[in-house]
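Structure data follow from protein-v9.cif (mmCIF, C-alpha atoms):
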data_query
#
loop_
_atom_site.group_PDB
_atom_site.id
_atom_site.type_symbol
_atom_site.label_atom_id
_atom_site.label_comp_id
_atom_site.auth_asym_id
_atom_site.auth_seq_id
_atom_site.Cartn_x
_atom_site.Cartn_y
_atom_site.Cartn_z
ATOM 1 C CA MET A 1 0.000 0.000 0.000
ATOM 2 C CA LEU A 2 1.201 3.486 -0.805
ATOM 3 C CA THR A 3 2.193 5.432 2.274
ATOM 4 C CA TYR A 4 2.996 9.120 2.389
ATOM 5 C CA SER A 5 3.418 11.545 5.267
ATOM 6 C CA MET A 6 0.803 14.243 4.826
ATOM 7 C CA GLU A 7 2.551 16.451 7.389
ATOM 8 C CA ASN A 8 5.272 17.222 4.816
ATOM 9 C CA ARG A 9 2.865 18.897 2.380
ATOM 10 C CA GLY A 10 3.527 22.460 3.503
ATOM 11 C CA SER A 11 0.867 24.776 2.098
ATOM 12 C CA LEU A 12 -0.161 22.450 -0.746
ATOM 13 C CA PRO A 13 -3.733 21.153 -0.762
ATOM 14 C CA LEU A 14 -3.920 17.471 0.226
ATOM 15 C CA TYR A 15 -4.861 16.266 -3.275
ATOM 16 C CA ALA A 16 -1.999 18.225 -4.860
ATOM 17 C CA TYR A 17 0.536 16.810 -2.417
ATOM 18 C CA LEU A 18 -0.737 13.256 -2.878
ATOM 19 C CA TYR A 19 -0.668 13.755 -6.651
ATOM 20 C CA ARG A 20 2.940 14.960 -6.460
ATOM 21 C CA CYS A 21 3.961 11.955 -4.322
ATOM 22 C CA ILE A 22 2.352 9.391 -6.611
ATOM 23 C CA ARG A 23 3.647 11.144 -9.740
ATOM 24 C CA ASN A 24 7.186 11.150 -8.324
ATOM 25 C CA ASP A 25 6.889 7.423 -7.578
ATOM 26 C CA ILE A 26 5.807 6.777 -11.169
ATOM 27 C CA LEU A 27 8.581 8.898 -12.688
ATOM 28 C CA SER A 28 11.232 7.344 -10.453
ATOM 29 C CA GLY A 29 10.144 3.825 -11.363
ATOM 30 C CA LYS A 30 8.952 2.968 -7.865
ATOM 31 C CA LEU A 31 5.505 2.443 -9.413
ATOM 32 C CA HIS A 32 5.410 0.776 -12.820
ATOM 33 C CA ALA A 33 3.236 1.891 -15.708
ATOM 34 C CA ASP A 34 1.204 -1.322 -15.676
ATOM 35 C CA GLU A 35 0.805 -1.367 -11.880
ATOM 36 C CA ARG A 36 -2.675 -0.693 -10.549
ATOM 37 C CA LEU A 37 -3.177 1.918 -7.890
ATOM 38 C CA PRO A 38 -5.239 0.996 -4.834
ATOM 39 C CA SER A 39 -8.940 1.785 -4.936
ATOM 40 C CA LYS A 40 -9.767 5.301 -3.868
ATOM 41 C CA ARG A 41 -11.604 3.985 -0.810
ATOM 42 C CA GLN A 42 -8.722 1.764 0.284
ATOM 43 C CA LEU A 43 -6.140 4.503 -0.145
ATOM 44 C CA ALA A 44 -8.347 7.091 1.564
ATOM 45 C CA GLU A 45 -8.823 4.815 4.555
ATOM 46 C CA HIS A 46 -5.117 3.917 4.685
ATOM 47 C CA LEU A 47 -3.972 7.560 4.559
ATOM 48 C CA GLN A 48 -6.907 8.798 6.654
ATOM 49 C CA LEU A 49 -8.074 11.153 3.911
ATOM 50 C CA SER A 50 -11.455 11.690 2.337
ATOM 51 C CA VAL A 51 -12.405 9.655 -0.713
ATOM 52 C CA ILE A 52 -12.928 12.945 -2.589
ATOM 53 C CA THR A 53 -9.289 13.913 -1.965
ATOM 54 C CA VAL A 54 -8.033 10.639 -3.436
ATOM 55 C CA GLU A 55 -10.522 10.852 -6.293
ATOM 56 C CA ASN A 56 -9.273 14.359 -7.171
ATOM 57 C CA THR A 57 -5.708 13.045 -7.088
ATOM 58 C CA TYR A 58 -6.533 10.140 -9.393
ATOM 59 C CA GLN A 59 -8.378 12.472 -11.794
ATOM 60 C CA GLN A 60 -5.318 14.744 -11.976
ATOM 61 C CA LEU A 61 -3.058 11.754 -12.681
ATOM 62 C CA GLU A 62 -5.424 10.489 -15.359
ATOM 63 C CA ALA A 63 -5.635 13.910 -17.008
ATOM 64 C CA GLU A 64 -1.866 13.949 -17.324
#
For this file, produce the structure as structure tokens.
Amino acid sequence: MLTYSMENRGSLPLYAYLYRCIRNDILSGKLHADERLPSKRQLAEHLQLSVITVENTYQQLEAE
């Protein structure tokens, strides 16, 4: 499961910080192109975020 420290986000909105973390993992090869991300509900529960926050993150990744 993906784990990120939300305290390190500074002034970024939660979805933008999560997006940046996941994007960095993809670009660095930590996450592979064919690897599935966890469901938005699973990740939200794991990171103690709202489902909407994770959904916004996933939408931003998909748009890119």
*Kindly give the distance, in Å, that separates atom CA of A:Met1 and atom CA of A:Pro38, rounded to a single decimal.*
7.2 Å
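Distances here use all atoms listed in the file; by that measure, the residue among A:Thr57, A:Ser39, A:Ser28, A:Gln48 closest to A:Met6 is A:Gln48.
Evaluated against the shown file, the PyMOL selection byres ((chain A and resi 41) around 12) gives Leu37, Pro38, Ser39, Lys40, Gln42, Leu43, Ala44, Glu45, His46, Leu47, Gln48, Leu49, Ser50, Val51, Ile52, Thr53, Val54, Glu55 and Tyr58 of chain A.
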*Between atom CA of A:Glu35 and atom CA of A:Ala16, what is the spacing in Å?*
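For atom CA of A:Ala16 relative to atom CA of A:Glu35, the distance reads 21.0 Å.
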Build an axis-aligned box that encloses every atom of stretch 1-7 of chain A listed in the file, pad it by 4 Å on each side, and report its centre and edge lengths in Å to one decimal, as AutoDock Vina command-line options.
--center_x 1.7 --center_y 8.2 --center_z 3.3 --size_x 11.4 --size_y 24.5 --size_z 16.2
*asked:* When you count only C-alpha atoms, which of these residues is closest to A:Lys30: A:Arg9, A:Gln59, A:Leu2, A:Leu18?
replied: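 The shortest atom-to-atom distance to A:Lys30 comes from A:Leu2.
Reported to one decimal place, the separation of atom CA of A:Asn56 from atom CA of A:Tyr15 is 6.2 Å.
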*Tell me, as a list of chain:residue names, which residues lie within 12 Å of A:Asn8, counting all atoms listed in the file; anything in the same chain fewer than 5 positions away does not count.*
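Contacts, with the query itself left out: A:Pro13, A:Leu14, A:Tyr17, A:Leu18, A:Arg20, A:Cys21.
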Take stretch 31-50 of chain A, model N, CA and C atoms, and hand the result over as a PDB file, in the coordinates of the input.
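Written output follows (rebuild.pdb):
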ATOM      1  N   LEU A  31       6.767   3.002  -8.910  1.00  0.00           N
ATOM      2  CA  LEU A  31       5.505   2.443  -9.413  1.00  0.00           C
ATOM      3  C   LEU A  31       5.662   2.243 -10.917  1.00  0.00           C
ATOM      4  N   HIS A  32       5.274   1.084 -11.395  1.00  0.00           N
ATOM      5  CA  HIS A  32       5.410   0.776 -12.820  1.00  0.00           C
ATOM      6  C   HIS A  32       4.159   1.184 -13.585  1.00  0.00           C
ATOM      7  N   ALA A  33       4.330   1.418 -14.867  1.00  0.00           N
ATOM      8  CA  ALA A  33       3.236   1.891 -15.708  1.00  0.00           C
ATOM      9  C   ALA A  33       2.047   0.933 -15.708  1.00  0.00           C
ATOM     10  N   ASP A  34       2.301  -0.354 -15.639  1.00  0.00           N
ATOM     11  CA  ASP A  34       1.204  -1.322 -15.676  1.00  0.00           C
ATOM     12  C   ASP A  34       0.680  -1.695 -14.293  1.00  0.00           C
ATOM     13  N   GLU A  35       1.211  -1.068 -13.252  1.00  0.00           N
ATOM     14  CA  GLU A  35       0.805  -1.367 -11.880  1.00  0.00           C
ATOM     15  C   GLU A  35      -0.477  -0.612 -11.536  1.00  0.00           C
ATOM     16  N   ARG A  36      -1.415  -1.323 -10.943  1.00  0.00           N
ATOM     17  CA  ARG A  36      -2.675  -0.693 -10.549  1.00  0.00           C
ATOM     18  C   ARG A  36      -2.509   0.034  -9.220  1.00  0.00           C
ATOM     19  N   LEU A  37      -3.143   1.171  -9.140  1.00  0.00           N
ATOM     20  CA  LEU A  37      -3.177   1.918  -7.890  1.00  0.00           C
ATOM     21  C   LEU A  37      -4.282   1.330  -7.015  1.00  0.00           C
ATOM     22  N   PRO A  38      -4.175   1.493  -5.710  1.00  0.00           N
ATOM     23  CA  PRO A  38      -5.239   0.996  -4.834  1.00  0.00           C
ATOM     24  C   PRO A  38      -6.551   1.725  -5.122  1.00  0.00           C
ATOM     25  N   SER A  39      -7.655   1.107  -4.752  1.00  0.00           N
ATOM     26  CA  SER A  39      -8.940   1.785  -4.936  1.00  0.00           C
ATOM     27  C   SER A  39      -8.936   3.074  -4.121  1.00  0.00           C
ATOM     28  N   LYS A  40      -9.744   4.013  -4.564  1.00  0.00           N
ATOM     29  CA  LYS A  40      -9.767   5.301  -3.868  1.00  0.00           C
ATOM     30  C   LYS A  40     -10.230   5.136  -2.424  1.00  0.00           C
ATOM     31  N   ARG A  41     -11.125   4.205  -2.185  1.00  0.00           N
ATOM     32  CA  ARG A  41     -11.604   3.985  -0.810  1.00  0.00           C
ATOM     33  C   ARG A  41     -10.518   3.367   0.062  1.00  0.00           C
ATOM     34  N   GLN A  42      -9.801   2.396  -0.481  1.00  0.00           N
ATOM     35  CA  GLN A  42      -8.722   1.764   0.284  1.00  0.00           C
ATOM     36  C   GLN A  42      -7.630   2.765   0.623  1.00  0.00           C
ATOM     37  N   LEU A  43      -7.212   3.540  -0.380  1.00  0.00           N
ATOM     38  CA  LEU A  43      -6.140   4.503  -0.145  1.00  0.00           C
ATOM     39  C   LEU A  43      -6.592   5.598   0.818  1.00  0.00           C
ATOM     40  N   ALA A  44      -7.825   6.061   0.663  1.00  0.00           N
ATOM     41  CA  ALA A  44      -8.347   7.091   1.564  1.00  0.00           C
ATOM     42  C   ALA A  44      -8.351   6.591   3.001  1.00  0.00           C
ATOM     43  N   GLU A  45      -8.799   5.369   3.205  1.00  0.00           N
ATOM     44  CA  GLU A  45      -8.823   4.815   4.555  1.00  0.00           C
ATOM     45  C   GLU A  45      -7.405   4.647   5.097  1.00  0.00           C
ATOM     46  N   HIS A  46      -6.500   4.145   4.260  1.00  0.00           N
ATOM     47  CA  HIS A  46      -5.117   3.917   4.685  1.00  0.00           C
ATOM     48  C   HIS A  46      -4.427   5.221   5.088  1.00  0.00           C
ATOM     49  N   LEU A  47      -4.637   6.279   4.296  1.00  0.00           N
ATOM     50  CA  LEU A  47      -3.972   7.560   4.559  1.00  0.00           C
ATOM     51  C   LEU A  47      -4.812   8.478   5.457  1.00  0.00           C
ATOM     52  N   GLN A  48      -5.986   8.015   5.835  1.00  0.00           N
ATOM     53  CA  GLN A  48      -6.907   8.798   6.654  1.00  0.00           C
ATOM     54  C   GLN A  48      -7.261  10.121   5.982  1.00  0.00           C
ATOM     55  N   LEU A  49      -7.637  10.011   4.707  1.00  0.00           N
ATOM     56  CA  LEU A  49      -8.074  11.153   3.911  1.00  0.00           C
ATOM     57  C   LEU A  49      -9.496  10.893   3.445  1.00  0.00           C
ATOM     58  N   SER A  50     -10.124  11.896   2.897  1.00  0.00           N
ATOM     59  CA  SER A  50     -11.455  11.690   2.337  1.00  0.00           C
ATOM     60  C   SER A  50     -11.331  11.007   0.972  1.00  0.00           C
TER      61      SER A  50
END
